[in-house]
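Comments concern the structure below.
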Amino acid sequence: MSELIHIENVSKIFNKKDWRGRKLKVSAVSDITLTINKGETFGLVGESGSGKTTLGRMILDLETPSSGQILYGNQEISKLKLADRKKIKQNMQIIFQDPYAALNPRMTALELVMEPLLSVSKELAKQKAIDTLATVGISGDAVHKFPRSFSGGQRQRIGIARAIVNDPEFILCDEPTSALDVSIQSQIIALLKQLQKRSGLTYLFISHDLSVIQHVSDRIAVMYKGELVELASVACLFKHPQHPYTKKLLAAALVADPKLARLQLNEEKIDEVIHLSDSFEWVEVDDNHFVRRDK
Ligand SMILES: Nc1ncnc2c1ncn2[C@@H]1O[C@H](COP(=O)(O)OP(=O)(O)OP(=O)(O)O)[C@@H](O)[C@H]1O
Ligand SMILES: [Mg+2]
C-alpha cells in the first residue's frame with residue numbers, strides 16, 4: 001500500500017487568552033508522527049479537546065503546524081508555490097459534522113455543489129454538479145431546493161457532493177454522522193463506503209463514536225490530550241487494546257456490558273492512572289500495532 005500523507009513530529013500550540021485577558025498557550029497537538037495510506041479509512045478517536053480536528057485541519061493546510069512536517073505524496077505542502085499548493089488543496093476536502101451550518105442557506109443544492117467548480121465553464125459545472133448530486137441520491141426538482149427544505153441526512157448528502165465534486169483523493173470526515181439519527185448515520189456511512197470503492201478515496205475519519213469508527217476504519221489512531229497513544233488495525237485495537245486510555249475508551253463505550261461497566265469506574269479515577277510523561281517510547285506489540293509506553 002502506498003503512502004498518501006505523512007505527518008512527522010507535528011505539533012500545534014494555540015495562543016489564547018483566559019477570562020482575565022492573560023496570555024495562555026494551549027498545546028492542542030503534540031509531536032505526532034503517522035502515515036495515512038492511499039485508499040484506506042484512517043480512524044481517529046479521542047475525547048473532546050484531544051486535538052483531532054486540529055490535526056485534520058493541519059493536514060488540509062487550514063492550520064499551520066507550530067512545528068513538524070506534513071507531506072502529501074512526497075511534497076511538503078507548506079513549502080510549495082501558491083499555485084501548486086492550491087492544486088493539492090483541491091485534492092483534499094472536508095465533510096463537516098453539522099451539515100446545516102456548513103451550507104449557505106441562500107444557495108440551492110445545485111448552486112452549492114457548483115460552487116467549488118471554479119475552473120470549468122458554467123455549463124460544465126452545472127452538469128457535473130447534477131451528476132454528483134445524483135450520485136449521492138439527490139435528483140430531479142430537489143436540486144433547486146434550499147438547504148432548509150432538506151432533512152439532516154439529505155443536507156449531509158449535499159455536503160458530501162460538494163466534497164467530491166472536484167474528484168479529490170483525500171477527504172477529512174470530521175464527525176460526519178454525529179448530528180444525524182442512527183438510521184440515517186448508517187445510510188451516510190454506506191454512501192461514503194460506496195464512493196470510496198468507486199473512486200479509491202482515502203478518508204481520515206474522526207469520531208467520538210466507537211461503533212462508527214469500528215465499522216468504517218481500516219486502522220485507528222487513538223489521541224489523548226493532544227498526543228498519540230495507540231495505533232493499530234481495527235481488529236487488533238478492539239481485540240487487544242493496550243494503552244490505558246484506549247482500554248478506558250473501549251470500556252466506556254460498552255457500558256451495557258456489565259463486566260466492562262465495572263471496569264469503567266468513574267472517569268476521574270481512570271484519568272489518575274493515565275500518565276503521559278515527557279519520556280516515553282513506542283513499542284510494536286504486534287504486527288503494525290504500536291503503543292506509547294511512558295517511562
Ligand atoms: N483556533 C483555536 N484557538 C485556540 N485554541 C484552539 C483552537 N482550536 C482548537 N483549540 C484548542 O485546542 C484543543 C484541541 O481542540 P480540537 O478542536 O482539535 O479537539 P477535538 O479532539 O477535535 O475535540 P472535539 O471532539 O470536541 O471536536 C482544545 O483545547 C481547543 O480548545
Ligand atoms: Mg473536533
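Residue numbering restarts at 1 in every chain; chains get A, B, ... in the order shown in the C-alpha cells, and ligands count up from 1 in that same order.
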Surroundings of ligand 2 up to 10 Å, based on only C-alpha atoms and all ligand atoms, as a VMD selection string: chain A and resid 45 to 57 96 to 97 174 to 175 206 to 208
Find the residues of stretch 82-134 of chain A that sit at most 8 Å from stretch 149-161 of chain A; for each, write down the nearest two atoms and how far apart they are in Å, to one decimal. Count only C-alpha atoms. Sort by chain, then by number going up, and give it as JSON lines.
```
{"residue": "A:Ile95", "atom": "CA", "partner": "A:Ile160", "partner_atom": "CA", "distance": 6.2}
{"residue": "A:Phe96", "atom": "CA", "partner": "A:Gly159", "partner_atom": "CA", "distance": 7.6}
{"residue": "A:Asp98", "atom": "CA", "partner": "A:Gln156", "partner_atom": "CA", "distance": 7.9}
{"residue": "A:Pro99", "atom": "CA", "partner": "A:Gln156", "partner_atom": "CA", "distance": 5.1}
{"residue": "A:Tyr100", "atom": "CA", "partner": "A:Arg155", "partner_atom": "CA", "distance": 6.6}
{"residue": "A:Ala102", "atom": "CA", "partner": "A:Gly159", "partner_atom": "CA", "distance": 7.6}
{"residue": "A:Leu103", "atom": "CA", "partner": "A:Gly159", "partner_atom": "CA", "distance": 7.4}
{"residue": "A:Ala109", "atom": "CA", "partner": "A:Ile158", "partner_atom": "CA", "distance": 6.5}
{"residue": "A:Leu112", "atom": "CA", "partner": "A:Ile158", "partner_atom": "CA", "distance": 7.7}
{"residue": "A:Val113", "atom": "CA", "partner": "A:Ala161", "partner_atom": "CA", "distance": 6.2}
{"residue": "A:Ala129", "atom": "CA", "partner": "A:Ala161", "partner_atom": "CA", "distance": 7.8}
{"residue": "A:Thr132", "atom": "CA", "partner": "A:Ala161", "partner_atom": "CA", "distance": 5.8}
{"residue": "A:Leu133", "atom": "CA", "partner": "A:Ala161", "partner_atom": "CA", "distance": 5.8}
```
Output N, CA and C atoms for every residue in the selection just made, as an mmCIF file, in the first residue's frame.
```cif
data_model
loop_
_atom_site.group_PDB
_atom_site.id
_atom_site.type_symbol
_atom_site.label_atom_id
_atom_site.label_comp_id
_atom_site.auth_asym_id
_atom_site.auth_seq_id
_atom_site.Cartn_x
_atom_site.Cartn_y
_atom_site.Cartn_z
ATOM 1 N N ILE A 95 -15.648 16.993 5.064
ATOM 2 C CA ILE A 95 -17.090 16.866 5.324
ATOM 3 C C ILE A 95 -17.280 17.183 6.802
ATOM 4 N N PHE A 96 -18.165 18.121 7.081
ATOM 5 C CA PHE A 96 -18.308 18.622 8.449
ATOM 6 C C PHE A 96 -19.373 17.861 9.237
ATOM 7 N N ASP A 98 -21.806 19.316 11.153
ATOM 8 C CA ASP A 98 -23.133 19.913 11.121
ATOM 9 C C ASP A 98 -23.437 20.400 9.710
ATOM 10 N N PRO A 99 -24.164 19.559 8.951
ATOM 11 C CA PRO A 99 -24.377 19.913 7.546
ATOM 12 C C PRO A 99 -25.138 21.227 7.399
ATOM 13 N N TYR A 100 -25.981 21.534 8.368
ATOM 14 C CA TYR A 100 -26.794 22.745 8.221
ATOM 15 C C TYR A 100 -25.924 23.995 8.308
ATOM 16 N N ALA A 102 -22.871 24.183 7.695
ATOM 17 C CA ALA A 102 -21.833 24.214 6.666
ATOM 18 C C ALA A 102 -22.364 24.680 5.308
ATOM 19 N N LEU A 103 -23.691 24.774 5.173
ATOM 20 C CA LEU A 103 -24.249 25.127 3.859
ATOM 21 C C LEU A 103 -24.847 26.539 3.877
ATOM 22 N N ALA A 109 -29.292 23.530 -3.698
ATOM 23 C CA ALA A 109 -28.389 22.370 -3.678
ATOM 24 C C ALA A 109 -27.469 22.411 -4.903
ATOM 25 N N LEU A 112 -24.874 25.093 -4.565
ATOM 26 C CA LEU A 112 -23.888 24.711 -3.543
ATOM 27 C C LEU A 112 -22.857 23.730 -4.099
ATOM 28 N N VAL A 113 -23.313 22.833 -4.953
ATOM 29 C CA VAL A 113 -22.388 21.829 -5.482
ATOM 30 C C VAL A 113 -21.602 22.386 -6.676
ATOM 31 N N ALA A 129 -22.311 19.040 -11.433
ATOM 32 C CA ALA A 129 -22.998 19.143 -10.138
ATOM 33 C C ALA A 129 -24.257 18.268 -10.124
ATOM 34 N N THR A 132 -23.154 14.708 -9.814
ATOM 35 C CA THR A 132 -22.638 14.407 -8.471
ATOM 36 C C THR A 132 -23.781 14.321 -7.463
ATOM 37 N N LEU A 133 -24.743 15.237 -7.599
ATOM 38 C CA LEU A 133 -25.905 15.180 -6.696
ATOM 39 C C LEU A 133 -26.660 13.860 -6.889
#
```
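Atom pair atom CA of A:Phe42 / atom CA of A:Val212 has a distance of 12.3 Å (rounded to one decimal).
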From the list A:Ser211, A:Ser277, A:Ser2, A:Gln194, which residue is nearest A:Gly43 when using only C-alpha atoms? A:Ser211
Please provide the set of residues having any atom within 12 Å of A:Gly68, restricted to only C-alpha atoms, with same-chain residues fewer than 3 positions apart removed, written as a VMD selection string. chain A and resid 6 to 13 29 to 34 55 58 to 59 64 to 65 71 76 to 78
Okay, now the selection with N, CA and C atoms, as a PDB file, in the first residue's frame?
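See again_14.pdb below for the written result:
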```pdb
ATOM      1  N   HIS A   6       1.997  11.843   5.010  1.00  0.00           N
ATOM      2  CA  HIS A   6       2.895  11.500   6.111  1.00  0.00           C
ATOM      3  C   HIS A   6       3.056  12.713   7.021  1.00  0.00           C
ATOM      4  N   ILE A   7       2.815  12.483   8.295  1.00  0.00           N
ATOM      5  CA  ILE A   7       2.906  13.547   9.302  1.00  0.00           C
ATOM      6  C   ILE A   7       4.101  13.226  10.177  1.00  0.00           C
ATOM      7  N   GLU A   8       5.001  14.175  10.314  1.00  0.00           N
ATOM      8  CA  GLU A   8       6.243  13.891  11.045  1.00  0.00           C
ATOM      9  C   GLU A   8       6.433  14.901  12.173  1.00  0.00           C
ATOM     10  N   ASN A   9       6.378  14.424  13.391  1.00  0.00           N
ATOM     11  CA  ASN A   9       6.627  15.251  14.585  1.00  0.00           C
ATOM     12  C   ASN A   9       5.827  16.551  14.580  1.00  0.00           C
ATOM     13  N   VAL A  10       4.552  16.433  14.256  1.00  0.00           N
ATOM     14  CA  VAL A  10       3.731  17.640  14.131  1.00  0.00           C
ATOM     15  C   VAL A  10       3.125  18.064  15.478  1.00  0.00           C
ATOM     16  N   SER A  11       3.287  19.345  15.770  1.00  0.00           N
ATOM     17  CA  SER A  11       2.705  19.922  16.985  1.00  0.00           C
ATOM     18  C   SER A  11       1.950  21.191  16.636  1.00  0.00           C
ATOM     19  N   LYS A  12       0.982  21.512  17.475  1.00  0.00           N
ATOM     20  CA  LYS A  12       0.287  22.793  17.313  1.00  0.00           C
ATOM     21  C   LYS A  12       0.030  23.411  18.683  1.00  0.00           C
ATOM     22  N   ILE A  13       0.538  24.624  18.833  1.00  0.00           N
ATOM     23  CA  ILE A  13       0.283  25.371  20.062  1.00  0.00           C
ATOM     24  C   ILE A  13      -0.552  26.589  19.700  1.00  0.00           C
ATOM     25  N   VAL A  29      -1.963  19.782  19.768  1.00  0.00           N
ATOM     26  CA  VAL A  29      -1.413  18.561  19.163  1.00  0.00           C
ATOM     27  C   VAL A  29       0.065  18.531  19.503  1.00  0.00           C
ATOM     28  N   SER A  30       0.518  17.369  19.959  1.00  0.00           N
ATOM     29  CA  SER A  30       1.888  17.314  20.437  1.00  0.00           C
ATOM     30  C   SER A  30       2.679  16.187  19.786  1.00  0.00           C
ATOM     31  N   ASP A  31       3.610  16.564  18.936  1.00  0.00           N
ATOM     32  CA  ASP A  31       4.615  15.656  18.399  1.00  0.00           C
ATOM     33  C   ASP A  31       4.032  14.364  17.810  1.00  0.00           C
ATOM     34  N   ILE A  32       3.144  14.530  16.847  1.00  0.00           N
ATOM     35  CA  ILE A  32       2.510  13.334  16.262  1.00  0.00           C
ATOM     36  C   ILE A  32       3.169  12.943  14.943  1.00  0.00           C
ATOM     37  N   THR A  33       3.463  11.657  14.836  1.00  0.00           N
ATOM     38  CA  THR A  33       4.009  11.092  13.603  1.00  0.00           C
ATOM     39  C   THR A  33       3.107   9.933  13.176  1.00  0.00           C
ATOM     40  N   LEU A  34       2.608  10.004  11.958  1.00  0.00           N
ATOM     41  CA  LEU A  34       1.830   8.876  11.421  1.00  0.00           C
ATOM     42  C   LEU A  34       1.712   8.979   9.909  1.00  0.00           C
ATOM     43  N   LEU A  55      -5.559  18.391  14.210  1.00  0.00           N
ATOM     44  CA  LEU A  55      -4.676  17.567  13.378  1.00  0.00           C
ATOM     45  C   LEU A  55      -5.212  17.498  11.948  1.00  0.00           C
ATOM     46  N   MET A  58      -4.682  20.729  10.077  1.00  0.00           N
ATOM     47  CA  MET A  58      -3.286  20.927   9.654  1.00  0.00           C
ATOM     48  C   MET A  58      -2.998  20.128   8.391  1.00  0.00           C
ATOM     49  N   ILE A  59      -3.548  18.915   8.323  1.00  0.00           N
ATOM     50  CA  ILE A  59      -3.339  18.098   7.119  1.00  0.00           C
ATOM     51  C   ILE A  59      -3.913  18.818   5.901  1.00  0.00           C
ATOM     52  N   THR A  64      -1.641  26.052  10.389  1.00  0.00           N
ATOM     53  CA  THR A  64      -0.205  25.837  10.208  1.00  0.00           C
ATOM     54  C   THR A  64       0.382  25.157  11.438  1.00  0.00           C
ATOM     55  N   PRO A  65       1.130  24.081  11.241  1.00  0.00           N
ATOM     56  CA  PRO A  65       1.750  23.439  12.412  1.00  0.00           C
ATOM     57  C   PRO A  65       2.733  24.397  13.094  1.00  0.00           C
ATOM     58  N   LEU A  71       3.601  15.871   4.788  1.00  0.00           N
ATOM     59  CA  LEU A  71       3.883  15.569   3.382  1.00  0.00           C
ATOM     60  C   LEU A  71       2.642  14.987   2.727  1.00  0.00           C
ATOM     61  N   GLU A  76       6.080  18.591   0.603  1.00  0.00           N
ATOM     62  CA  GLU A  76       5.737  19.288   1.835  1.00  0.00           C
ATOM     63  C   GLU A  76       4.867  20.494   1.465  1.00  0.00           C
ATOM     64  N   ILE A  77       3.607  20.437   1.856  1.00  0.00           N
ATOM     65  CA  ILE A  77       2.625  21.418   1.374  1.00  0.00           C
ATOM     66  C   ILE A  77       3.080  22.858   1.650  1.00  0.00           C
ATOM     67  N   SER A  78       3.560  23.082   2.852  1.00  0.00           N
ATOM     68  CA  SER A  78       3.880  24.460   3.252  1.00  0.00           C
ATOM     69  C   SER A  78       5.049  25.046   2.452  1.00  0.00           C
TER      70      SER A  78
END
```
Among the residues of stretch 75-211 of chain A, find those DSSP assigns to helix (DSSP H, G or I) from the backbone and print them as a ChimeraX atom specification. /A:77-79,82-90,99-102,109-114,122-135,140-144,147-149,152-164,182-199,210-211
For A:Leu237, please output as a PyMOL selection string all residues within 9 Å (counting only C-alpha atoms; exclusion window: fewer than 6 positions along the same chain). chain A and resi 219-220+230-231+246+289
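Across the structure, atom CA of A:Ser27 and atom CA of A:Leu228 are spaced 13.1 Å apart.
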